[in-house]
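Asker: Dropping in final06.cif, which is mmCIF, C-alpha atoms and all ligand atoms:
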data_upload
loop_
_atom_site.group_PDB
_atom_site.id
_atom_site.type_symbol
_atom_site.label_atom_id
_atom_site.label_comp_id
_atom_site.auth_asym_id
_atom_site.auth_seq_id
_atom_site.Cartn_x
_atom_site.Cartn_y
_atom_site.Cartn_z
ATOM 1 C CA MET A 23 47.311 -51.158 -2.303
ATOM 2 C CA THR A 24 43.627 -50.435 -1.691
ATOM 3 C CA LYS A 25 41.310 -53.405 -2.200
ATOM 4 C CA LEU A 26 37.729 -52.628 -3.088
ATOM 5 C CA SER A 27 34.592 -54.617 -2.345
ATOM 6 C CA LYS A 28 32.963 -56.295 -5.343
ATOM 7 C CA ARG A 29 30.279 -53.579 -5.244
ATOM 8 C CA LEU A 30 32.703 -50.626 -5.314
ATOM 9 C CA HIS A 31 34.854 -52.350 -7.933
ATOM 10 C CA THR A 32 31.933 -52.333 -10.391
ATOM 11 C CA LEU A 33 31.957 -48.514 -10.262
ATOM 12 C CA ALA A 34 35.688 -48.490 -11.054
ATOM 13 C CA GLU A 35 35.042 -50.648 -14.139
ATOM 14 C CA PHE A 36 33.163 -47.777 -15.784
ATOM 15 C CA VAL A 37 35.848 -45.066 -15.611
ATOM 16 C CA CYS A 38 38.375 -44.125 -18.335
ATOM 17 C CA GLU A 39 41.780 -42.488 -18.059
ATOM 18 C CA ASN A 40 40.494 -39.166 -19.438
ATOM 19 C CA ASP A 41 37.772 -38.845 -16.835
ATOM 20 C CA GLN A 42 37.950 -35.890 -14.432
ATOM 21 C CA VAL A 43 35.742 -37.124 -11.654
ATOM 22 C CA VAL A 44 33.882 -36.066 -8.536
ATOM 23 C CA ASP A 45 33.112 -38.969 -6.187
ATOM 24 C CA ILE A 46 29.972 -37.483 -4.581
ATOM 25 C CA GLY A 47 29.205 -39.019 -1.184
ATOM 26 C CA CYS A 48 32.708 -40.515 -1.015
ATOM 27 C CA ASP A 49 32.327 -41.454 2.678
ATOM 28 C CA HIS A 50 35.555 -43.381 3.550
ATOM 29 C CA GLY A 51 37.139 -42.325 0.236
ATOM 30 C CA TYR A 52 38.230 -45.862 -0.743
ATOM 31 C CA LEU A 53 36.968 -45.575 -4.318
ATOM 32 C CA SER A 54 38.689 -42.213 -4.898
ATOM 33 C CA ILE A 55 41.937 -43.595 -3.452
ATOM 34 C CA TYR A 56 41.722 -46.758 -5.593
ATOM 35 C CA LEU A 57 41.110 -44.780 -8.802
ATOM 36 C CA LYS A 58 44.004 -42.401 -8.139
ATOM 37 C CA GLU A 59 46.376 -45.124 -6.908
ATOM 38 C CA ASN A 60 45.822 -47.184 -10.059
ATOM 39 C CA LYS A 61 45.899 -44.122 -12.360
ATOM 40 C CA LEU A 62 42.493 -45.065 -13.753
ATOM 41 C CA VAL A 63 41.300 -41.448 -14.055
ATOM 42 C CA LYS A 64 42.892 -38.127 -14.988
ATOM 43 C CA ASP A 65 41.839 -36.492 -11.742
ATOM 44 C CA ILE A 66 39.408 -37.036 -8.874
ATOM 45 C CA ILE A 67 37.791 -34.927 -6.164
ATOM 46 C CA ALA A 68 36.380 -36.721 -3.116
ATOM 47 C CA SER A 69 33.337 -34.994 -1.658
ATOM 48 C CA ASP A 70 30.707 -35.566 1.005
ATOM 49 C CA ILE A 71 27.947 -33.610 2.745
ATOM 50 C CA ASN A 72 28.789 -35.094 6.134
ATOM 51 C CA PRO A 73 31.870 -33.620 7.905
ATOM 52 C CA ASN A 74 32.544 -36.895 9.772
ATOM 53 C CA ALA A 75 32.420 -38.938 6.572
ATOM 54 C CA LEU A 76 34.694 -36.445 4.813
ATOM 55 C CA GLN A 77 37.116 -36.493 7.752
ATOM 56 C CA SER A 78 37.350 -40.265 7.417
ATOM 57 C CA ALA A 79 38.192 -39.810 3.707
ATOM 58 C CA ILE A 80 40.777 -37.136 4.567
ATOM 59 C CA THR A 81 42.459 -39.496 7.067
ATOM 60 C CA ASN A 82 42.497 -42.398 4.583
ATOM 61 C CA ILE A 83 43.811 -40.151 1.788
ATOM 62 C CA LYS A 84 46.557 -38.872 4.111
ATOM 63 C CA ASN A 85 47.560 -42.447 4.952
ATOM 64 C CA SER A 86 47.652 -43.317 1.245
ATOM 65 C CA LYS A 87 50.112 -40.421 0.631
ATOM 66 C CA LEU A 88 48.185 -39.559 -2.537
ATOM 67 C CA LYS A 89 47.140 -36.037 -3.516
ATOM 68 C CA ILE A 90 43.336 -35.983 -3.716
ATOM 69 C CA LYS A 91 41.304 -32.824 -3.243
ATOM 70 C CA THR A 92 38.434 -33.144 -0.762
ATOM 71 C CA VAL A 93 35.380 -30.862 -0.581
ATOM 72 C CA LEU A 94 32.573 -30.638 1.977
ATOM 73 C CA SER A 95 29.486 -30.171 -0.179
ATOM 74 C CA ASP A 96 25.837 -30.945 -0.689
ATOM 75 C CA GLY A 97 26.082 -32.515 -4.119
ATOM 76 C CA LEU A 98 27.900 -30.147 -6.485
ATOM 77 C CA ASP A 99 27.082 -26.954 -4.534
ATOM 78 C CA ASN A 100 30.658 -26.153 -3.374
ATOM 79 C CA ILE A 101 32.472 -27.866 -6.222
ATOM 80 C CA ASP A 102 34.217 -26.040 -9.039
ATOM 81 C CA VAL A 103 33.004 -28.138 -11.957
ATOM 82 C CA LYS A 104 34.915 -26.297 -14.730
ATOM 83 C CA LYS A 105 37.228 -29.246 -15.439
ATOM 84 C CA ILE A 106 34.875 -32.030 -14.318
ATOM 85 C CA ASN A 107 33.362 -34.341 -16.938
ATOM 86 C CA THR A 108 32.288 -37.356 -14.841
ATOM 87 C CA LEU A 109 30.340 -37.924 -11.628
ATOM 88 C CA ILE A 110 30.255 -41.045 -9.505
ATOM 89 C CA ILE A 111 27.297 -41.260 -7.117
ATOM 90 C CA SER A 112 26.855 -44.452 -5.161
ATOM 91 C CA GLY A 113 25.169 -45.853 -2.079
ATOM 92 C CA MET A 114 22.236 -43.430 -1.987
ATOM 93 C CA GLY A 115 18.556 -43.540 -2.859
ATOM 94 C CA THR A 116 17.225 -42.215 -6.162
ATOM 95 C CA ALA A 117 15.563 -39.198 -4.479
ATOM 96 C CA THR A 118 18.934 -38.032 -3.062
ATOM 97 C CA ILE A 119 20.692 -38.721 -6.364
ATOM 98 C CA LEU A 120 18.125 -36.635 -8.255
ATOM 99 C CA HIS A 121 18.488 -33.864 -5.676
ATOM 100 C CA ILE A 122 22.269 -33.925 -6.295
ATOM 101 C CA LEU A 123 21.697 -33.742 -10.054
ATOM 102 C CA GLY A 124 19.122 -30.986 -9.693
ATOM 103 C CA ASN A 125 21.375 -28.099 -10.726
ATOM 104 C CA GLN A 126 21.268 -28.262 -14.543
ATOM 105 C CA GLU A 127 23.781 -25.402 -14.899
ATOM 106 C CA LYS A 128 26.430 -27.427 -13.016
ATOM 107 C CA LEU A 129 25.824 -30.419 -15.298
ATOM 108 C CA LYS A 130 26.755 -28.479 -18.464
ATOM 109 C CA ASN A 131 30.160 -30.162 -18.916
ATOM 110 C CA ILE A 132 29.268 -33.468 -17.284
ATOM 111 C CA ASN A 133 29.020 -36.056 -20.023
ATOM 112 C CA LYS A 134 29.180 -39.209 -17.934
ATOM 113 C CA LEU A 135 27.368 -40.370 -14.791
ATOM 114 C CA ILE A 136 28.303 -43.586 -12.999
ATOM 115 C CA ILE A 137 25.496 -44.347 -10.573
ATOM 116 C CA GLN A 138 24.695 -47.054 -8.069
ATOM 117 C CA SER A 139 21.309 -46.265 -6.556
ATOM 118 C CA ASN A 140 19.660 -48.214 -3.744
ATOM 119 C CA ASN A 141 16.125 -48.062 -5.131
ATOM 120 C CA ASP A 142 13.604 -46.817 -7.728
ATOM 121 C CA TYR A 143 15.798 -47.541 -10.760
ATOM 122 C CA HIS A 144 12.922 -46.910 -13.184
ATOM 123 C CA ILE A 145 12.486 -43.369 -11.818
ATOM 124 C CA LEU A 146 16.236 -42.743 -12.017
ATOM 125 C CA ARG A 147 16.425 -43.934 -15.648
ATOM 126 C CA GLN A 148 13.385 -41.906 -16.686
ATOM 127 C CA GLU A 149 14.516 -38.702 -14.955
ATOM 128 C CA LEU A 150 18.032 -38.962 -16.376
ATOM 129 C CA ASN A 151 16.642 -39.525 -19.884
ATOM 130 C CA ASN A 152 14.607 -36.346 -19.318
ATOM 131 C CA LYS A 153 17.820 -34.516 -18.359
ATOM 132 C CA GLY A 154 19.578 -35.672 -21.544
ATOM 133 C CA TYR A 155 21.458 -38.706 -20.234
ATOM 134 C CA TYR A 156 21.160 -42.058 -21.980
ATOM 135 C CA LEU A 157 21.574 -45.384 -20.162
ATOM 136 C CA LYS A 158 24.426 -46.977 -22.130
ATOM 137 C CA ASP A 159 25.508 -49.843 -19.932
ATOM 138 C CA GLU A 160 24.488 -51.525 -16.719
ATOM 139 C CA LYS A 161 26.172 -54.098 -14.499
ATOM 140 C CA TYR A 162 24.329 -56.219 -11.981
ATOM 141 C CA ILE A 163 26.326 -57.806 -9.197
ATOM 142 C CA TYR A 164 25.426 -59.911 -6.192
ATOM 143 C CA ASP A 165 27.512 -58.888 -3.195
ATOM 144 C CA LYS A 166 26.932 -59.700 0.480
ATOM 145 C CA LYS A 167 23.514 -61.284 -0.228
ATOM 146 C CA LYS A 168 22.194 -58.295 -2.172
ATOM 147 C CA TRP A 169 21.853 -57.307 -5.805
ATOM 148 C CA TYR A 170 23.427 -53.991 -6.838
ATOM 149 C CA VAL A 171 22.699 -52.175 -10.080
ATOM 150 C CA THR A 172 25.482 -49.958 -11.437
ATOM 151 C CA SER A 173 24.478 -47.755 -14.342
ATOM 152 C CA LEU A 174 26.527 -45.833 -16.875
ATOM 153 C CA PHE A 175 24.716 -42.810 -18.323
ATOM 154 C CA VAL A 176 26.221 -40.687 -21.093
ATOM 155 C CA LYS A 177 25.072 -37.295 -22.336
ATOM 156 C CA SER A 178 23.103 -37.974 -25.508
ATOM 157 C CA PRO A 179 19.836 -36.960 -27.181
ATOM 158 C CA GLN A 180 19.127 -40.689 -27.605
ATOM 159 C CA LYS A 181 16.322 -42.051 -25.403
ATOM 160 C CA ASN A 182 16.014 -45.482 -23.837
ATOM 161 C CA THR A 183 13.067 -47.697 -24.708
ATOM 162 C CA LYS A 184 10.112 -48.031 -22.331
ATOM 163 C CA THR A 185 11.318 -51.533 -21.420
ATOM 164 C CA GLU A 186 14.848 -50.274 -20.684
ATOM 165 C CA ILE A 187 13.400 -47.533 -18.462
ATOM 166 C CA ALA A 188 11.196 -50.006 -16.605
ATOM 167 C CA TYR A 189 13.578 -52.952 -16.195
ATOM 168 C CA GLY A 190 17.069 -51.837 -17.223
ATOM 169 C CA LEU A 191 19.233 -53.440 -19.869
ATOM 170 C CA LEU A 192 18.459 -57.030 -18.754
ATOM 171 C CA ASN A 193 21.965 -58.201 -19.702
ATOM 172 C CA ASN A 194 22.518 -60.545 -16.758
ATOM 173 C CA GLN A 195 20.657 -63.892 -16.709
ATOM 174 C CA GLU A 196 20.901 -64.295 -12.935
ATOM 175 C CA TYR A 197 19.573 -60.799 -12.279
ATOM 176 C CA ASN A 198 16.762 -61.404 -14.781
ATOM 177 C CA LYS A 199 15.735 -64.499 -12.796
ATOM 178 C CA TYR A 200 15.769 -62.393 -9.626
ATOM 179 C CA LEU A 201 13.533 -59.751 -11.261
ATOM 180 C CA ILE A 202 11.015 -62.389 -12.389
ATOM 181 C CA ASN A 203 11.031 -63.899 -8.930
ATOM 182 C CA GLN A 204 10.412 -60.495 -7.349
ATOM 183 C CA VAL A 205 7.284 -59.922 -9.455
ATOM 184 C CA LYS A 206 6.100 -63.482 -8.647
ATOM 185 C CA GLN A 207 6.522 -62.813 -4.928
ATOM 186 C CA ILE A 208 4.489 -59.592 -5.237
ATOM 187 C CA ILE A 209 1.700 -61.484 -7.081
ATOM 188 C CA LYS A 210 1.648 -64.166 -4.381
ATOM 189 C CA LYS A 211 1.033 -61.548 -1.673
ATOM 190 C CA ILE A 212 -1.941 -59.894 -3.432
ATOM 191 C CA PRO A 213 -5.213 -61.244 -1.955
ATOM 192 C CA PHE A 214 -7.570 -62.907 -4.429
ATOM 193 C CA ILE A 215 -10.310 -60.308 -3.983
ATOM 194 C CA LYS A 216 -7.954 -57.689 -5.447
ATOM 195 C CA LEU A 217 -8.215 -59.441 -8.779
ATOM 196 C CA ASP A 218 -7.669 -56.308 -10.896
ATOM 197 C CA ILE A 219 -4.321 -55.624 -9.175
ATOM 198 C CA LYS A 220 -3.334 -59.286 -9.523
ATOM 199 C CA VAL A 221 -4.129 -59.202 -13.249
ATOM 200 C CA LYS A 222 -2.041 -56.016 -13.681
ATOM 201 C CA ARG A 223 0.926 -57.732 -12.035
ATOM 202 C CA TYR A 224 0.486 -60.858 -14.198
ATOM 203 C CA TYR A 225 0.579 -58.575 -17.224
ATOM 204 C CA GLN A 226 3.774 -56.992 -15.867
ATOM 205 C CA LEU A 227 5.279 -60.486 -15.449
ATOM 206 C CA TRP A 228 4.349 -61.369 -19.028
ATOM 207 C CA GLN A 229 5.892 -58.110 -20.287
ATOM 208 C CA LEU A 230 9.088 -58.705 -18.325
ATOM 209 C CA LYS A 231 9.465 -62.285 -19.612
ATOM 210 C CA LYS A 232 8.839 -61.084 -23.161
ATOM 211 C CA ALA A 233 11.436 -58.290 -22.772
ATOM 212 C CA ILE A 234 13.996 -60.775 -21.414
ATOM 213 C CA SER A 235 13.380 -63.232 -24.240
ATOM 214 C CA THR A 236 13.849 -60.515 -26.881
ATOM 215 C CA THR A 237 16.971 -58.952 -25.297
ATOM 216 C CA LYS A 238 20.195 -60.076 -26.973
HETATM 217 C C1 LIG B 301 26.028 -45.118 2.196
HETATM 218 S S1 LIG B 301 27.263 -43.922 1.925
HETATM 219 C C2 LIG B 301 27.986 -44.523 0.418
HETATM 220 C C3 LIG B 301 29.445 -44.253 0.362
HETATM 221 C C4 LIG B 301 30.139 -44.658 -0.933
HETATM 222 N N1 LIG B 301 29.750 -43.801 -2.030
HETATM 223 C C5 LIG B 301 29.817 -46.106 -1.254
HETATM 224 O O1 LIG B 301 29.130 -46.375 -2.240
HETATM 225 O O2 LIG B 301 30.272 -46.965 -0.470
HETATM 226 C C6 LIG B 301 26.399 -42.492 1.380
HETATM 227 C C7 LIG B 301 27.258 -41.233 1.512
HETATM 228 O O3 LIG B 301 26.626 -40.195 0.776
HETATM 229 C C8 LIG B 301 26.702 -39.003 1.533
HETATM 230 N N2 LIG B 301 25.645 -38.089 1.060
HETATM 231 C C9 LIG B 301 24.311 -38.193 1.255
HETATM 232 N N3 LIG B 301 23.666 -37.161 0.681
HETATM 233 C C10 LIG B 301 24.616 -36.393 0.087
HETATM 234 C C11 LIG B 301 24.583 -35.173 -0.658
HETATM 235 N N4 LIG B 301 23.429 -34.534 -0.883
HETATM 236 N N5 LIG B 301 25.749 -34.665 -1.112
HETATM 237 C C12 LIG B 301 26.926 -35.293 -0.872
HETATM 238 N N6 LIG B 301 27.024 -36.436 -0.158
HETATM 239 C C13 LIG B 301 25.883 -36.986 0.317
HETATM 240 C C14 LIG B 301 26.561 -39.469 2.971
HETATM 241 O O4 LIG B 301 27.058 -38.517 3.877
HETATM 242 C C15 LIG B 301 27.366 -40.773 2.948
HETATM 243 O O5 LIG B 301 28.706 -40.570 3.288
#
Kindly return the structure encoded in the file as structure tokens.
Answerer:
Amino acid sequence: MTKLSKRLHTLAEFVCENDQVVDIGCDHGYLSIYLKENKLVKDIIASDINPNALQSAITNIKNSKLKIKTVLSDGLDNIDVKKINTLIISGMGTATILHILGNQEKLKNINKLIIQSNNDYHILRQELNNKGYYLKDEKYIYDKKKWYVTSLFVKSPQKNTKTEIAYGLLNNQEYNKYLINQVKQIIKKIPFIKLDIKVKRYYQLWQLKKAISTTK
């Protein structure tokens, strides 16, 4: 049985048995194998842009004796998305993720995105709202001395609030403390002569604390 890291397991917690998934940037393929092995999804395609990464997935899938389709592809370019309703994209930066989600035509039937970006979460949330995806849930986990944000977006005309776009859903006390601490660290590093910038950051800190205190 495949055992996932805490980080990869968070992605698996967002799938449902009716999901027909592409694991974009599957690398080793562990997540795809785990989802198929445990019958957590209806179907899954494992895909990667890098032939070496995909070969590693192909070898691991072969060893697992499971039937999982693999595709060499830049994002969705070579993938037949007719039956696909869910994408998992994890372990990349927001710029790459937005590049992958750039083809609006291919997203027509995709009603669920499970995303673990490495950076620029506010840009990701804003851009996905613009594309018609609403941030419905978010899990924050601390794994191997790092915080990871895993986001569930669903196709919906609903928009997230400005605070949700800026800071996320703020539903984890420990992560909230980390966010506050991050802003404090930034303030500390701003020299006193740059008073206007310091004041802006203090305002941001006040806004963040207020948002946390009003989030249920
Ligand atoms: C750091 S690995 C993450 C692997 C796995 N998703 C995880 O979270 O552990 C990033 C993977 O994304 C792949 N990748 C990067 N850009 C891509 C793109 N445009 N389309 C498909 N795969 C891509 C890389 O080749 C690499 O295998």
Asker: Which polymer residues, whether protein, DNA or RNA, lie within 6 Å of the coordinate (40.2, -44.0, -14.6) when you count all atoms listed in the file? List them as a ChimeraX atom specification, using the chain letters and numbers from the file.
Answerer: /A:37-39,57,62-63
Asker: Any chance you could resolve the PyMOL selection byres (((chain A and resi 80) around 10) and not hetatm) against this file and give the residues as number ranges by chain?
Answerer: A: 49-51, 68-69, 74-79, 81-86, 90-93
Asker: Quick one: residues within 12 Å of His144 of chain A, all atoms listed in the file counted, chain neighbours fewer than 4 positions away excluded, as a VMD selection string?
Answerer: chain A and resid 116 to 117 139 to 140 148 to 151 157 171 173 182 to 191
Asker: Go through chain A and flag each residue having an atom no more than 10 Å from ligand LIG 301 (chain B); for those, report the closest pair of atoms plus their distance in Å to one decimal, using only C-alpha atoms and all ligand atoms, ordered by chain and rising number, as a tab-separated table.
Answerer:
residue	atom	partner	partner_atom	distance
A:Leu26	CA	B:LIG301	O2	9.7
A:Ser27	CA	B:LIG301	O2	9.0
A:Arg29	CA	B:LIG301	O1	7.9
A:Leu30	CA	B:LIG301	O1	6.3
A:Leu33	CA	B:LIG301	O1	8.8
A:Asp45	CA	B:LIG301	N1	7.2
A:Ile46	CA	B:LIG301	C12	5.3
A:Gly47	CA	B:LIG301	O3	3.4
A:Cys48	CA	B:LIG301	N1	4.5
A:Asp49	CA	B:LIG301	O5	3.8
A:His50	CA	B:LIG301	C3	6.9
A:Gly51	CA	B:LIG301	C4	7.5
A:Tyr52	CA	B:LIG301	O2	8.0
A:Leu53	CA	B:LIG301	C4	7.7
A:Ser54	CA	B:LIG301	N1	9.5
A:Ala68	CA	B:LIG301	N1	9.8
A:Ser69	CA	B:LIG301	C12	6.5
A:Asp70	CA	B:LIG301	N6	4.0
A:Ile71	CA	B:LIG301	C12	4.1
A:Asn72	CA	B:LIG301	O4	4.5
A:Pro73	CA	B:LIG301	O4	8.0
A:Asn74	CA	B:LIG301	O4	8.2
A:Ala75	CA	B:LIG301	O5	5.2
A:Leu76	CA	B:LIG301	O5	7.4
A:Ser78	CA	B:LIG301	O5	9.6
A:Ala79	CA	B:LIG301	O5	9.5
A:Val93	CA	B:LIG301	C12	9.5
A:Leu94	CA	B:LIG301	C12	7.9
A:Ser95	CA	B:LIG301	C12	5.8
A:Asp96	CA	B:LIG301	N5	3.7
A:Gly97	CA	B:LIG301	N5	3.7
A:Leu98	CA	B:LIG301	N5	7.3
A:Asp99	CA	B:LIG301	N5	8.5
A:Ile110	CA	B:LIG301	N1	8.0
A:Ile111	CA	B:LIG301	N1	6.2
A:Ser112	CA	B:LIG301	O1	4.2
A:Gly113	CA	B:LIG301	C2	4.0
A:Met114	CA	B:LIG301	C6	5.4
A:Gly115	CA	B:LIG301	C9	8.9
A:Ala117	CA	B:LIG301	N3	9.8
A:Thr118	CA	B:LIG301	N3	6.1
A:Ile119	CA	B:LIG301	N4	7.4
A:Leu120	CA	B:LIG301	N4	9.3
A:His121	CA	B:LIG301	N4	6.9
A:Ile122	CA	B:LIG301	N4	5.6
A:Leu123	CA	B:LIG301	N4	9.4
A:Ile137	CA	B:LIG301	O1	9.3
A:Gln138	CA	B:LIG301	O1	7.4
A:Ser139	CA	B:LIG301	O1	8.9
A:Asn140	CA	B:LIG301	C1	9.2
Asker: How many Å lie between atom CA of Thr32 of chain A and atom CA of Lys161 of chain A, rounded to one decimal?
Answerer: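 Spanning atom CA of Thr32 of chain A to atom CA of Lys161 of chain A is a straight-line distance of 7.3 Å.
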Asker: Can you spell out as a list in words the set of residues that the PyMOL selection byres (((chain A and resi 131) around 7) and not hetatm) selects in the structure I just provided?
Answerer: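 This file, filtered by the PyMOL selection byres (((chain A and resi 131) around 7) and not hetatm), leaves Ile106, Asn107, Leu129, Lys130, Ile132 and Asn133 of chain A.
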Asker: Just want the 10 Å neighbourhood of Lys153 of chain A, counted on only C-alpha atoms, with same-chain residues fewer than 6 positions away dropped. Output as a list in words.
Answerer: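 Selected residues are Leu123, Gly124, Gln126, Leu129, Arg147, Lys177, Ser178 and Pro179 of chain A.
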Asker: Out of A:Ile202, A:Val44, A:Glu196, A:Gln207, which residue has the shortest atom-to-atom distance to Trp228 of chain A when counting all atoms listed in the file?
Answerer: A:Ile202
Asker: Between atom CA of Thr172 of chain A and atom CA of Lys134 of chain A, what is the distance, to one decimal in Å?
Answerer: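 The value is 13.1 Å.
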Asker: Go through A:Ser235, A:Asn125, A:Gln226, A:Asn40 one by one, measure the shortest atom-to-atom distance of each to Val205 of chain A using all atoms listed in the file, and give the residue with the smallest value.
Answerer: A:Gln226
Asker: Which value, in Å to one decimal, gives the distance between atom CA of Tyr156 of chain A and atom CA of Asn60 of chain A?
Answerer: 27.9 Å
Asker: List the residues matched by the PyMOL selection byres (((chain A and resi 237) around 9) and not hetatm) in the displayed structure as a PyMOL selection string, ordered by chain and then by residue number.
Answerer: chain A and resi 191-193+232-236+238
Asker: Which residue out of A:Leu174, A:Lys166, A:Gln229, A:Gln180 has the minimum interatomic distance to Ala34 of chain A when only C-alpha atoms are used?
Answerer: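 Of the candidates, the smallest distance to Ala34 of chain A is held by A:Leu174.
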Asker: Please determine, counting all atoms listed in the file, which residue among A:Lys58, A:Lys105, A:Lys128, A:Lys64 has the shortest atom-to-atom distance to Lys89 of chain A.
Answerer: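 Counting all atoms listed in the file, the residue closest to Lys89 of chain A is A:Lys58.
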Asker: Here is a test: counting all atoms listed in the file, which residue of A:Ile212, A:Leu230, A:Leu88, A:Val43 is nearest to Ile67 of chain A?
Answerer: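 Smallest distance to Ile67 of chain A is found for A:Val43.
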Asker: For Thr108 of chain A, which of A:Tyr164, A:Tyr56, A:Phe36, A:Phe214 is the closest residue, counting only C-alpha atoms?
Answerer: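 Comparing A:Tyr164, A:Tyr56, A:Phe36, A:Phe214 against Thr108 of chain A, the winner is A:Phe36.
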